[in-house]
file input-v1.cif (mmCIF, C-alpha atoms and all ligand atoms)
data_start
#
loop_
_atom_site.group_PDB
_atom_site.id
_atom_site.type_symbol
_atom_site.label_atom_id
_atom_site.label_comp_id
_atom_site.auth_asym_id
_atom_site.auth_seq_id
_atom_site.Cartn_x
_atom_site.Cartn_y
_atom_site.Cartn_z
ATOM 1 C CA MET A 630 -47.317 -86.664 -0.944
ATOM 2 C CA LYS A 631 -44.057 -86.512 -2.846
ATOM 3 C CA MET A 632 -41.039 -84.376 -2.099
ATOM 4 C CA TYR A 633 -38.336 -83.903 -4.705
ATOM 5 C CA PHE A 634 -34.854 -82.483 -4.234
ATOM 6 C CA ASN A 635 -33.469 -80.964 -7.435
ATOM 7 C CA THR A 636 -29.725 -81.079 -6.758
ATOM 8 C CA HIS A 637 -28.565 -78.970 -9.701
ATOM 9 C CA THR A 638 -30.302 -75.906 -11.100
ATOM 10 C CA HIS A 639 -28.945 -72.702 -12.602
ATOM 11 C CA LEU A 640 -31.546 -70.208 -11.412
ATOM 12 C CA ASN A 641 -28.458 -67.971 -11.320
ATOM 13 C CA SER A 642 -28.142 -68.124 -15.129
ATOM 14 C CA GLU A 643 -29.090 -65.241 -17.383
ATOM 15 C CA GLN A 644 -32.022 -67.203 -18.844
ATOM 16 C CA LEU A 645 -33.703 -67.923 -15.470
ATOM 17 C CA TYR A 646 -32.445 -65.393 -12.936
ATOM 18 C CA PHE A 647 -34.811 -62.503 -13.635
ATOM 19 C CA ASN A 648 -37.933 -64.687 -13.509
ATOM 20 C CA ARG A 649 -36.691 -66.937 -10.716
ATOM 21 C CA ASP A 650 -39.744 -66.331 -8.500
ATOM 22 C CA ILE A 651 -41.994 -67.743 -11.233
ATOM 23 C CA PHE A 652 -39.771 -70.799 -11.796
ATOM 24 C CA ILE A 653 -39.581 -71.417 -8.048
ATOM 25 C CA SER A 654 -43.377 -71.321 -7.754
ATOM 26 C CA HIS A 655 -43.651 -73.798 -10.673
ATOM 27 C CA ALA A 656 -41.258 -76.079 -8.803
ATOM 28 C CA LEU A 657 -43.243 -75.882 -5.573
ATOM 29 C CA ASN A 658 -46.446 -76.685 -7.506
ATOM 30 C CA GLU A 659 -44.766 -79.947 -8.617
ATOM 31 C CA GLU A 660 -43.658 -80.777 -5.053
ATOM 32 C CA VAL A 661 -40.043 -79.938 -5.851
ATOM 33 C CA ASP A 662 -39.482 -78.739 -2.297
ATOM 34 C CA TYR A 663 -35.705 -78.444 -2.234
ATOM 35 C CA LEU A 664 -33.309 -76.892 -4.742
ATOM 36 C CA CYS A 665 -29.567 -76.493 -4.957
ATOM 37 C CA VAL A 666 -28.471 -73.561 -7.154
ATOM 38 C CA VAL A 667 -25.016 -74.251 -8.544
ATOM 39 C CA GLY A 668 -22.331 -71.712 -9.465
ATOM 40 C CA TYR A 669 -19.830 -72.031 -12.325
ATOM 41 C CA ASP A 670 -17.751 -68.853 -11.888
ATOM 42 C CA VAL A 671 -17.358 -66.124 -9.267
ATOM 43 C CA GLU A 672 -20.369 -64.057 -10.369
ATOM 44 C CA SER A 673 -22.773 -66.996 -10.676
ATOM 45 C CA SER A 674 -21.555 -68.328 -7.326
ATOM 46 C CA LYS A 675 -22.344 -65.000 -5.647
ATOM 47 C CA LYS A 676 -25.791 -65.083 -7.244
ATOM 48 C CA ALA A 677 -26.306 -68.673 -6.050
ATOM 49 C CA VAL A 678 -25.616 -67.604 -2.456
ATOM 50 C CA GLN A 679 -27.943 -64.630 -2.858
ATOM 51 C CA ILE A 680 -30.824 -66.790 -4.175
ATOM 52 C CA ALA A 681 -30.271 -69.321 -1.368
ATOM 53 C CA HIS A 682 -30.836 -66.518 1.115
ATOM 54 C CA GLU A 683 -34.136 -65.548 -0.496
ATOM 55 C CA TYR A 684 -35.850 -68.874 0.299
ATOM 56 C CA PRO A 685 -35.415 -71.261 3.244
ATOM 57 C CA PHE A 686 -35.653 -74.390 1.028
ATOM 58 C CA ILE A 687 -32.995 -73.269 -1.472
ATOM 59 C CA TYR A 688 -29.344 -74.170 -0.954
ATOM 60 C CA CYS A 689 -26.331 -73.460 -3.111
ATOM 61 C CA ALA A 690 -22.973 -74.693 -4.367
ATOM 62 C CA VAL A 691 -20.142 -72.319 -5.238
ATOM 63 C CA GLY A 692 -17.237 -72.989 -7.565
ATOM 64 C CA ILE A 693 -15.447 -72.367 -10.851
ATOM 65 C CA SER A 694 -16.171 -74.812 -13.672
ATOM 66 C CA PRO A 695 -13.544 -76.127 -16.102
ATOM 67 C CA ASN A 696 -15.191 -74.156 -18.915
ATOM 68 C CA ASP A 697 -14.885 -70.895 -16.996
ATOM 69 C CA CYS A 698 -11.405 -71.320 -15.507
ATOM 70 C CA GLU A 699 -9.063 -70.039 -18.196
ATOM 71 C CA GLU A 700 -8.652 -66.598 -16.583
ATOM 72 C CA THR A 701 -9.087 -67.765 -12.986
ATOM 73 C CA THR A 702 -6.708 -66.157 -10.476
ATOM 74 C CA ASP A 703 -5.798 -67.177 -6.932
ATOM 75 C CA GLU A 704 -7.930 -64.238 -5.767
ATOM 76 C CA ASP A 705 -10.956 -65.763 -7.530
ATOM 77 C CA ILE A 706 -10.368 -69.043 -5.742
ATOM 78 C CA GLN A 707 -10.134 -67.120 -2.471
ATOM 79 C CA VAL A 708 -13.546 -65.591 -3.144
ATOM 80 C CA ILE A 709 -14.948 -69.095 -3.674
ATOM 81 C CA GLU A 710 -13.452 -70.140 -0.343
ATOM 82 C CA GLU A 711 -15.144 -67.190 1.384
ATOM 83 C CA LEU A 712 -18.490 -67.935 -0.274
ATOM 84 C CA LEU A 713 -18.220 -71.587 0.753
ATOM 85 C CA GLN A 714 -18.301 -70.530 4.409
ATOM 86 C CA ASP A 715 -21.865 -69.263 3.992
ATOM 87 C CA PRO A 716 -24.253 -71.509 5.975
ATOM 88 C CA LYS A 717 -26.440 -72.051 2.857
ATOM 89 C CA ALA A 718 -23.438 -73.192 0.752
ATOM 90 C CA VAL A 719 -23.733 -76.972 1.019
ATOM 91 C CA ALA A 720 -21.169 -77.945 -1.635
ATOM 92 C CA LEU A 721 -18.255 -76.767 -3.734
ATOM 93 C CA GLY A 722 -19.069 -76.898 -7.423
ATOM 94 C CA GLU A 723 -19.439 -77.266 -10.170
ATOM 95 C CA ILE A 724 -15.792 -78.144 -10.712
ATOM 96 C CA GLY A 725 -14.012 -80.738 -12.810
ATOM 97 C CA LEU A 726 -12.543 -81.416 -16.232
ATOM 98 C CA ASP A 727 -14.037 -80.786 -19.659
ATOM 99 C CA TYR A 728 -12.047 -81.892 -22.702
ATOM 100 C CA HIS A 729 -14.863 -81.143 -25.115
ATOM 101 C CA TRP A 730 -13.853 -77.467 -25.317
ATOM 102 C CA ASP A 731 -10.303 -76.218 -25.679
ATOM 103 C CA VAL A 732 -9.531 -74.671 -22.276
ATOM 104 C CA PRO A 733 -5.910 -75.719 -21.502
ATOM 105 C CA ARG A 734 -5.942 -78.970 -19.544
ATOM 106 C CA ASP A 735 -3.119 -77.958 -17.187
ATOM 107 C CA LYS A 736 -5.119 -74.930 -16.125
ATOM 108 C CA GLN A 737 -8.277 -77.009 -15.671
ATOM 109 C CA LYS A 738 -6.430 -79.479 -13.456
ATOM 110 C CA ASP A 739 -4.813 -76.719 -11.397
ATOM 111 C CA VAL A 740 -8.136 -74.955 -10.656
ATOM 112 C CA PHE A 741 -9.853 -78.307 -10.029
ATOM 113 C CA LEU A 742 -7.214 -79.519 -7.543
ATOM 114 C CA LYS A 743 -7.075 -76.223 -5.647
ATOM 115 C CA GLN A 744 -10.851 -76.263 -5.181
ATOM 116 C CA ILE A 745 -10.863 -79.894 -4.041
ATOM 117 C CA GLU A 746 -8.391 -78.933 -1.301
ATOM 118 C CA ILE A 747 -10.711 -76.154 -0.123
ATOM 119 C CA ALA A 748 -13.719 -78.499 -0.042
ATOM 120 C CA LYS A 749 -11.730 -80.954 2.044
ATOM 121 C CA ARG A 750 -10.679 -78.243 4.473
ATOM 122 C CA TYR A 751 -14.313 -77.244 5.097
ATOM 123 C CA ASP A 752 -15.589 -80.813 4.821
ATOM 124 C CA LYS A 753 -18.139 -79.984 2.123
ATOM 125 C CA PRO A 754 -18.957 -82.266 -0.851
ATOM 126 C CA ILE A 755 -17.826 -81.475 -4.401
ATOM 127 C CA VAL A 756 -20.146 -81.290 -7.415
ATOM 128 C CA ILE A 757 -18.306 -82.675 -10.422
ATOM 129 C CA HIS A 758 -18.675 -81.610 -14.049
ATOM 130 C CA ALA A 759 -16.869 -84.129 -16.262
ATOM 131 C CA ARG A 760 -17.139 -84.205 -20.032
ATOM 132 C CA ASP A 761 -15.014 -86.340 -22.333
ATOM 133 C CA ALA A 762 -12.674 -86.702 -19.358
ATOM 134 C CA TYR A 763 -14.068 -89.495 -17.199
ATOM 135 C CA GLU A 764 -10.787 -91.386 -16.808
ATOM 136 C CA ASP A 765 -8.683 -88.355 -15.748
ATOM 137 C CA THR A 766 -11.477 -87.150 -13.478
ATOM 138 C CA TYR A 767 -11.703 -90.560 -11.869
ATOM 139 C CA ASN A 768 -7.974 -90.689 -11.171
ATOM 140 C CA ILE A 769 -8.058 -87.269 -9.513
ATOM 141 C CA LEU A 770 -11.098 -88.153 -7.395
ATOM 142 C CA ARG A 771 -9.684 -91.498 -6.340
ATOM 143 C CA ASN A 772 -6.516 -89.790 -5.114
ATOM 144 C CA ALA A 773 -8.484 -86.938 -3.499
ATOM 145 C CA LYS A 774 -10.187 -89.247 -1.000
ATOM 146 C CA HIS A 775 -13.182 -86.949 -0.671
ATOM 147 C CA TYR A 776 -16.877 -87.300 -1.576
ATOM 148 C CA GLY A 777 -19.618 -85.671 -3.599
ATOM 149 C CA ILE A 778 -21.775 -85.832 -6.700
ATOM 150 C CA MET A 779 -21.160 -86.768 -10.346
ATOM 151 C CA HIS A 780 -23.459 -84.136 -11.816
ATOM 152 C CA CYS A 781 -25.411 -84.803 -15.030
ATOM 153 C CA TYR A 782 -23.650 -88.116 -15.265
ATOM 154 C CA SER A 783 -23.402 -89.380 -18.834
ATOM 155 C CA GLY A 784 -20.680 -92.034 -18.619
ATOM 156 C CA SER A 785 -21.057 -95.788 -18.649
ATOM 157 C CA ALA A 786 -22.761 -97.894 -15.985
ATOM 158 C CA GLN A 787 -19.456 -99.589 -15.269
ATOM 159 C CA MET A 788 -17.677 -96.268 -14.725
ATOM 160 C CA ALA A 789 -20.552 -95.111 -12.477
ATOM 161 C CA GLN A 790 -19.855 -97.989 -10.138
ATOM 162 C CA ARG A 791 -16.199 -96.969 -9.893
ATOM 163 C CA TYR A 792 -17.204 -93.432 -8.912
ATOM 164 C CA ILE A 793 -19.601 -94.789 -6.295
ATOM 165 C CA ASP A 794 -16.776 -96.882 -4.879
ATOM 166 C CA VAL A 795 -14.678 -93.741 -4.293
ATOM 167 C CA GLY A 796 -17.474 -91.821 -2.547
ATOM 168 C CA PHE A 797 -19.700 -90.290 -5.219
ATOM 169 C CA TYR A 798 -23.419 -90.154 -5.880
ATOM 170 C CA ILE A 799 -24.609 -90.386 -9.478
ATOM 171 C CA SER A 800 -26.936 -87.551 -10.462
ATOM 172 C CA LEU A 801 -29.181 -88.013 -13.501
ATOM 173 C CA ALA A 802 -30.611 -85.167 -15.572
ATOM 174 C CA GLY A 803 -33.112 -84.805 -18.431
ATOM 175 C CA THR A 804 -30.897 -86.803 -20.778
ATOM 176 C CA VAL A 805 -32.218 -90.017 -19.161
ATOM 177 C CA THR A 806 -35.665 -89.224 -20.631
ATOM 178 C CA PHE A 807 -34.411 -88.941 -24.234
ATOM 179 C CA LYS A 808 -35.671 -91.731 -26.466
ATOM 180 C CA ASN A 809 -32.229 -92.684 -27.779
ATOM 181 C CA ALA A 810 -30.406 -92.319 -24.436
ATOM 182 C CA LYS A 811 -29.274 -95.904 -24.108
ATOM 183 C CA THR A 812 -26.364 -95.273 -21.733
ATOM 184 C CA PRO A 813 -28.150 -93.032 -19.183
ATOM 185 C CA LYS A 814 -31.068 -95.489 -19.108
ATOM 186 C CA GLU A 815 -28.611 -98.317 -18.471
ATOM 187 C CA VAL A 816 -27.108 -96.273 -15.606
ATOM 188 C CA ALA A 817 -30.591 -95.646 -14.155
ATOM 189 C CA LYS A 818 -31.273 -99.348 -14.327
ATOM 190 C CA THR A 819 -28.081 -100.694 -12.809
ATOM 191 C CA VAL A 820 -27.113 -98.086 -10.207
ATOM 192 C CA ASP A 821 -28.718 -98.741 -6.830
ATOM 193 C CA ILE A 822 -31.344 -96.102 -5.956
ATOM 194 C CA ASN A 823 -29.418 -95.415 -2.750
ATOM 195 C CA HIS A 824 -26.642 -93.887 -4.890
ATOM 196 C CA LEU A 825 -28.841 -91.837 -7.249
ATOM 197 C CA LEU A 826 -29.785 -88.162 -7.281
ATOM 198 C CA ILE A 827 -31.977 -86.149 -9.646
ATOM 199 C CA GLU A 828 -31.409 -82.750 -11.238
ATOM 200 C CA THR A 829 -32.309 -80.583 -14.231
ATOM 201 C CA ASP A 830 -29.075 -78.658 -14.989
ATOM 202 C CA ASP A 831 -31.421 -76.020 -16.416
ATOM 203 C CA PRO A 832 -31.647 -73.941 -18.545
ATOM 204 C CA TYR A 833 -30.314 -76.690 -20.868
ATOM 205 C CA LEU A 834 -31.080 -80.400 -21.285
ATOM 206 C CA THR A 835 -34.861 -80.038 -21.181
ATOM 207 C CA PRO A 836 -36.433 -83.474 -20.642
ATOM 208 C CA HIS A 837 -38.744 -85.240 -23.052
ATOM 209 C CA PRO A 838 -41.544 -84.258 -23.920
ATOM 210 C CA PHE A 839 -40.425 -80.598 -23.734
ATOM 211 C CA ARG A 840 -37.140 -80.858 -25.638
ATOM 212 C CA GLY A 841 -36.227 -77.626 -27.384
ATOM 213 C CA LYS A 842 -37.986 -75.464 -24.786
ATOM 214 C CA LEU A 843 -36.297 -73.639 -21.919
ATOM 215 C CA ASN A 844 -35.581 -76.032 -19.064
ATOM 216 C CA GLU A 845 -36.592 -75.122 -15.505
ATOM 217 C CA PRO A 846 -36.297 -76.721 -12.037
ATOM 218 C CA ALA A 847 -39.868 -78.125 -11.973
ATOM 219 C CA ASN A 848 -38.958 -80.489 -14.826
ATOM 220 C CA VAL A 849 -36.954 -82.659 -12.432
ATOM 221 C CA VAL A 850 -40.187 -84.648 -11.921
ATOM 222 C CA TYR A 851 -39.763 -86.058 -15.467
ATOM 223 C CA VAL A 852 -36.323 -87.348 -14.532
ATOM 224 C CA ALA A 853 -37.789 -89.024 -11.436
ATOM 225 C CA LYS A 854 -40.672 -90.510 -13.452
ATOM 226 C CA GLU A 855 -38.271 -92.029 -15.975
ATOM 227 C CA ILE A 856 -36.162 -93.584 -13.203
ATOM 228 C CA ALA A 857 -39.334 -94.977 -11.578
ATOM 229 C CA LYS A 858 -40.366 -96.499 -14.909
ATOM 230 C CA ILE A 859 -36.952 -98.019 -15.623
ATOM 231 C CA LYS A 860 -36.536 -99.399 -12.108
ATOM 232 C CA ASN A 861 -40.190 -100.440 -11.835
ATOM 233 C CA MET A 862 -40.489 -98.483 -8.594
ATOM 234 C CA ALA A 863 -43.240 -96.238 -7.195
ATOM 235 C CA ILE A 864 -42.581 -92.581 -8.006
ATOM 236 C CA GLU A 865 -43.085 -91.769 -4.298
ATOM 237 C CA ASP A 866 -40.168 -94.045 -3.426
ATOM 238 C CA VAL A 867 -37.890 -92.491 -6.057
ATOM 239 C CA ALA A 868 -38.769 -89.030 -4.692
ATOM 240 C CA ARG A 869 -38.306 -90.026 -1.056
ATOM 241 C CA ILE A 870 -35.027 -91.915 -1.484
ATOM 242 C CA THR A 871 -33.332 -89.413 -3.815
ATOM 243 C CA THR A 872 -34.348 -86.593 -1.428
ATOM 244 C CA PHE A 873 -32.899 -88.571 1.478
ATOM 245 C CA ASN A 874 -29.661 -89.081 -0.504
ATOM 246 C CA ALA A 875 -29.415 -85.377 -1.367
ATOM 247 C CA LYS A 876 -29.904 -84.266 2.230
ATOM 248 C CA LYS A 877 -27.316 -86.781 3.332
ATOM 249 C CA VAL A 878 -24.596 -85.719 0.885
ATOM 250 C CA PHE A 879 -25.279 -81.997 1.474
ATOM 251 C CA GLY A 880 -25.426 -82.451 5.252
ATOM 252 C CA ILE A 881 -28.941 -80.969 5.543
ATOM 253 C CA LYS A 882 -30.879 -81.932 8.678
HETATM 254 NI NI NI B 901 -24.499 -77.194 -14.305
#
call {"tool": "encode", "arguments": {"input": "input-v1.cif", "output": "structure tokens"}}
result
Amino acid sequence: MKMYFNTHTHLNSEQLYFNRDIFISHALNEEVDYLCVVGYDVESSKKAVQIAHEYPFIYCAVGISPNDCEETTDEDIQVIEELLQDPKAVALGEIGLDYHWDVPRDKQKDVFLKQIEIAKRYDKPIVIHARDAYEDTYNILRNAKHYGIMHCYSGSAQMAQRYIDVGFYISLAGTVTFKNAKTPKEVAKTVDINHLLIETDDPYLTPHPFRGKLNEPANVVYVAKEIAKIKNMAIEDVARITTFNAKKVFGIK
């Protein structure tokens, strides 16, 4: 028997929310027995908490992402702090830096730093979204002296090790299954399984062989299978160890 923990799903997104019961039953059919629904703004964070209360095996993260922070007020950040105190809220996220889009960097850093402080105050891990900003993100996290998850990690293997050294797990998504994904495969190969997590980041990033279709939480098994293949490990061990890691970082008994 396998037991997967999908650490990053957006069942709170427009594309999945209304049919979430169907997607959750698909996940359970694939032995994906734990899910963490992740927020990216105030509304999606509220929805994440709501979904986590509908099922005992669903947890949530609440936070404002760098792509959604341009209009963020201190009141919004206060709402995130209140949501974080929910017993099913096991992390603050997704938060971070994204230089791919043109949200002002000063604003991104401000919202990022304020949320890190909240996570530290409540001793909950942070789920990091970093795109085209790995060096700046690393410097902030090193100074923060906290812990958490590098979500949908797509940086180099060398950089991954530096994040691990400052308290972060490396979470791999469907990109690791893509035929031409040299860097994620290298990360899967070199990062110790004790520092790896698995996720889908649905509704996007659908794994091979379903690329182009809507992604859903059940597809996390394809991420696990690819890691098992690359590491030459039994799929049961990849499932067991990544689930153990997820429960550990989220503080789930
Ligand atoms: Ni996400």
call {"tool": "residues_near_ligand", "arguments": {"input": "input-v1.cif", "ligand": "ligand NI 901 (chain B)", "cutoff": "9 Å", "atoms": "only C-alpha atoms and all ligand atoms", "output": "tab-separated table (two decimals) with C-alpha atoms, keeping the file's coordinate frame"}}
result
chain	number	residue	atom	x	y	z
A	637	HIS	CA	-28.56	-78.97	-9.70
A	638	THR	CA	-30.30	-75.91	-11.10
A	639	HIS	CA	-28.94	-72.70	-12.60
A	666	VAL	CA	-28.47	-73.56	-7.15
A	667	VAL	CA	-25.02	-74.25	-8.54
A	668	GLY	CA	-22.33	-71.71	-9.46
A	669	TYR	CA	-19.83	-72.03	-12.32
A	694	SER	CA	-16.17	-74.81	-13.67
A	722	GLY	CA	-19.07	-76.90	-7.42
A	723	GLU	CA	-19.44	-77.27	-10.17
A	758	HIS	CA	-18.68	-81.61	-14.05
A	780	HIS	CA	-23.46	-84.14	-11.82
A	781	CYS	CA	-25.41	-84.80	-15.03
A	829	THR	CA	-32.31	-80.58	-14.23
A	830	ASP	CA	-29.08	-78.66	-14.99
A	831	ASP	CA	-31.42	-76.02	-16.42
A	832	PRO	CA	-31.65	-73.94	-18.55
A	833	TYR	CA	-30.31	-76.69	-20.87
call {"tool": "residues_around", "arguments": {"input": "input-v1.cif", "residues": "Val805 in chain A", "least_positions_apart": "5", "cutoff": "9 Å", "atoms": "only C-alpha atoms", "output": "list of chain:residue names"}}
result
A:Ser783, A:Ala810, A:Lys811, A:Thr812, A:Pro813, A:Lys814, A:Val816, A:Ala817, A:Pro836, A:His837, A:Val852, A:Glu855, A:Ile856
call {"tool": "write_last_selection", "arguments": {"input": "input-v1.cif", "atoms": "C-alpha atoms", "output": "tab-separated table (two decimals), keeping the file's coordinate frame"}}
result
chain	number	residue	atom	x	y	z
A	783	SER	CA	-23.40	-89.38	-18.83
A	810	ALA	CA	-30.41	-92.32	-24.44
A	811	LYS	CA	-29.27	-95.90	-24.11
A	812	THR	CA	-26.36	-95.27	-21.73
A	813	PRO	CA	-28.15	-93.03	-19.18
A	814	LYS	CA	-31.07	-95.49	-19.11
A	816	VAL	CA	-27.11	-96.27	-15.61
A	817	ALA	CA	-30.59	-95.65	-14.16
A	836	PRO	CA	-36.43	-83.47	-20.64
A	837	HIS	CA	-38.74	-85.24	-23.05
A	852	VAL	CA	-36.32	-87.35	-14.53
A	855	GLU	CA	-38.27	-92.03	-15.98
A	856	ILE	CA	-36.16	-93.58	-13.20
call {"tool": "atom_distance", "arguments": {"input": "input-v1.cif", "atom1": "CA of Ala857 in chain A", "atom2": "CA of Cys665 in chain A"}}
result
21.9 Å
call {"tool": "closest_residue", "arguments": {"input": "input-v1.cif", "among": "A:Asn874, A:Asn648, A:Gln790, A:Gln744", "to": "Ile757 in chain A", "atoms": "all atoms listed in the file"}}
result
A:Gln744
call {"tool": "atom_distance", "arguments": {"input": "input-v1.cif", "atom1": "CA of Ala762 in chain A", "atom2": "CA of Ile745 in chain A"}}
result
16.9 Å
call {"tool": "residues_around", "arguments": {"input": "input-v1.cif", "residues": "range 727-737 of chain A", "least_positions_apart": "4", "cutoff": "8 Å", "atoms": "only C-alpha atoms", "output": "list in words"}}
result
Pro695, Asn696, Cys698, Glu699, Phe741, His758, Ala759, Arg760, Asp761 and Ala762 of chain A
call {"tool": "residues_near_point", "arguments": {"input": "input-v1.cif", "point": "(-36.8, -89.3, 2.2)", "cutoff": "12 Å", "atoms": "all atoms listed in the file", "output": "VMD selection string"}}
result
chain A and resid 630 to 634 662 to 663 822 to 823 826 865 to 877 881 to 882
call {"tool": "residues_near_point", "arguments": {"input": "input-v1.cif", "point": "(-9.4, -74.3, 0.4)", "cutoff": "12 Å", "atoms": "only C-alpha atoms", "output": "list in words"}}
result
Gly692, Asp703, Glu704, Asp705, Ile706, Gln707, Val708, Ile709, Glu710, Glu711, Leu712, Leu713, Gln714, Leu721, Val740, Phe741, Leu742, Lys743, Gln744, Ile745, Glu746, Ile747, Ala748, Lys749, Arg750, Tyr751, Asp752 and Lys753 of chain A
call {"tool": "axis_aligned_box", "arguments": {"input": "input-v1.cif", "around": "range 832-851 of chain A", "padding_each_side": "6 Å", "output": "AutoDock Vina command-line options"}}
result
--center_x -35.9 --center_y -79.8 --center_z -19.7 --size_x 23.2 --size_y 24.4 --size_z 27.5
call {"tool": "atom_distance", "arguments": {"input": "input-v1.cif", "atom1": "CA of Ala720 in chain A", "atom2": "CA of Glu659 in chain A"}}
result
24.7 Å
call {"tool": "residues_around", "arguments": {"input": "input-v1.cif", "residues": "Thr835 in chain A", "least_positions_apart": "3", "cutoff": "6 Å", "atoms": "all atoms listed in the file", "output": "number ranges by chain"}}
result
A: 803, 840, 844
call {"tool": "closest_residue", "arguments": {"input": "input-v1.cif", "among": "A:Gln644, A:Ile653, A:Thr804, A:Gly880", "to": "Ala718 in chain A", "atoms": "all atoms listed in the file"}}
result
A:Gly880
call {"tool": "resolve_selection", "arguments": {"input": "input-v1.cif", "expression": "the PyMOL selection byres (((chain A and resi 767-776) around 6) and not hetatm)", "output": "PyMOL selection string"}}
result
chain A and resi 754+763-766+777+795-797
call {"tool": "closest_residue", "arguments": {"input": "input-v1.cif", "among": "A:Val878, A:Val671, A:Ala802, A:Leu640", "to": "Val719 in chain A", "atoms": "all atoms listed in the file"}}
result
A:Val878
call {"tool": "residues_around", "arguments": {"input": "input-v1.cif", "residues": "Val849 in chain A", "least_positions_apart": "3", "cutoff": "7 Å", "atoms": "all atoms listed in the file", "output": "list in words"}}
result
Asn635, Ile827, Glu828, Thr829, Pro846, Val852 and Ala853 of chain A
call {"tool": "closest_residue", "arguments": {"input": "input-v1.cif", "among": "A:Lys854, A:Lys860, A:Lys738, A:Lys717", "to": "Lys675 in chain A", "atoms": "all atoms listed in the file"}}
result
A:Lys717
call {"tool": "build_atoms", "arguments": {"input": "input-v1.cif", "residues": "range 720-725 of chain A", "atoms": "all heavy atoms", "output": "PDB file, in the coordinates of the input"}}
result
ATOM      1  N   ALA A 720     -22.128 -77.192  -0.815  1.00  0.00           N
ATOM      2  CA  ALA A 720     -21.169 -77.945  -1.635  1.00  0.00           C
ATOM      3  C   ALA A 720     -20.260 -76.976  -2.387  1.00  0.00           C
ATOM      4  O   ALA A 720     -20.585 -75.796  -2.550  1.00  0.00           O
ATOM      5  CB  ALA A 720     -21.904 -78.832  -2.634  1.00  0.00           C
ATOM      6  N   LEU A 721     -19.147 -77.522  -2.855  1.00  0.00           N
ATOM      7  CA  LEU A 721     -18.255 -76.767  -3.734  1.00  0.00           C
ATOM      8  C   LEU A 721     -18.418 -77.311  -5.150  1.00  0.00           C
ATOM      9  O   LEU A 721     -18.203 -78.492  -5.416  1.00  0.00           O
ATOM     10  CB  LEU A 721     -16.802 -76.881  -3.252  1.00  0.00           C
ATOM     11  CG  LEU A 721     -15.871 -75.796  -3.821  1.00  0.00           C
ATOM     12  CD1 LEU A 721     -14.694 -75.561  -2.901  1.00  0.00           C
ATOM     13  CD2 LEU A 721     -15.379 -76.140  -5.210  1.00  0.00           C
ATOM     14  N   GLY A 722     -18.866 -76.437  -6.056  1.00  0.00           N
ATOM     15  CA  GLY A 722     -19.069 -76.898  -7.423  1.00  0.00           C
ATOM     16  C   GLY A 722     -19.818 -75.865  -8.248  1.00  0.00           C
ATOM     17  O   GLY A 722     -20.245 -74.855  -7.700  1.00  0.00           O
ATOM     18  N   GLU A 723     -19.930 -76.058  -9.558  1.00  0.00           N
ATOM     19  CA  GLU A 723     -19.439 -77.266 -10.170  1.00  0.00           C
ATOM     20  C   GLU A 723     -17.982 -77.105 -10.603  1.00  0.00           C
ATOM     21  O   GLU A 723     -17.612 -76.061 -11.149  1.00  0.00           O
ATOM     22  CB  GLU A 723     -20.305 -77.684 -11.363  1.00  0.00           C
ATOM     23  CG  GLU A 723     -20.524 -76.577 -12.402  1.00  0.00           C
ATOM     24  CD  GLU A 723     -21.569 -76.991 -13.432  1.00  0.00           C
ATOM     25  OE1 GLU A 723     -21.252 -77.740 -14.363  1.00  0.00           O
ATOM     26  OE2 GLU A 723     -22.725 -76.549 -13.268  1.00  0.00           O
ATOM     27  N   ILE A 724     -17.219 -78.144 -10.378  1.00  0.00           N
ATOM     28  CA  ILE A 724     -15.792 -78.144 -10.712  1.00  0.00           C
ATOM     29  C   ILE A 724     -15.479 -79.441 -11.467  1.00  0.00           C
ATOM     30  O   ILE A 724     -16.289 -80.366 -11.449  1.00  0.00           O
ATOM     31  CB  ILE A 724     -14.914 -78.046  -9.436  1.00  0.00           C
ATOM     32  CG1 ILE A 724     -15.164 -79.233  -8.482  1.00  0.00           C
ATOM     33  CG2 ILE A 724     -15.192 -76.727  -8.705  1.00  0.00           C
ATOM     34  CD1 ILE A 724     -14.231 -79.264  -7.267  1.00  0.00           C
ATOM     35  N   GLY A 725     -14.341 -79.493 -12.114  1.00  0.00           N
ATOM     36  CA  GLY A 725     -14.012 -80.738 -12.810  1.00  0.00           C
ATOM     37  C   GLY A 725     -13.126 -80.548 -14.018  1.00  0.00           C
ATOM     38  O   GLY A 725     -12.295 -79.631 -14.062  1.00  0.00           O
TER      39      GLY A 725
END
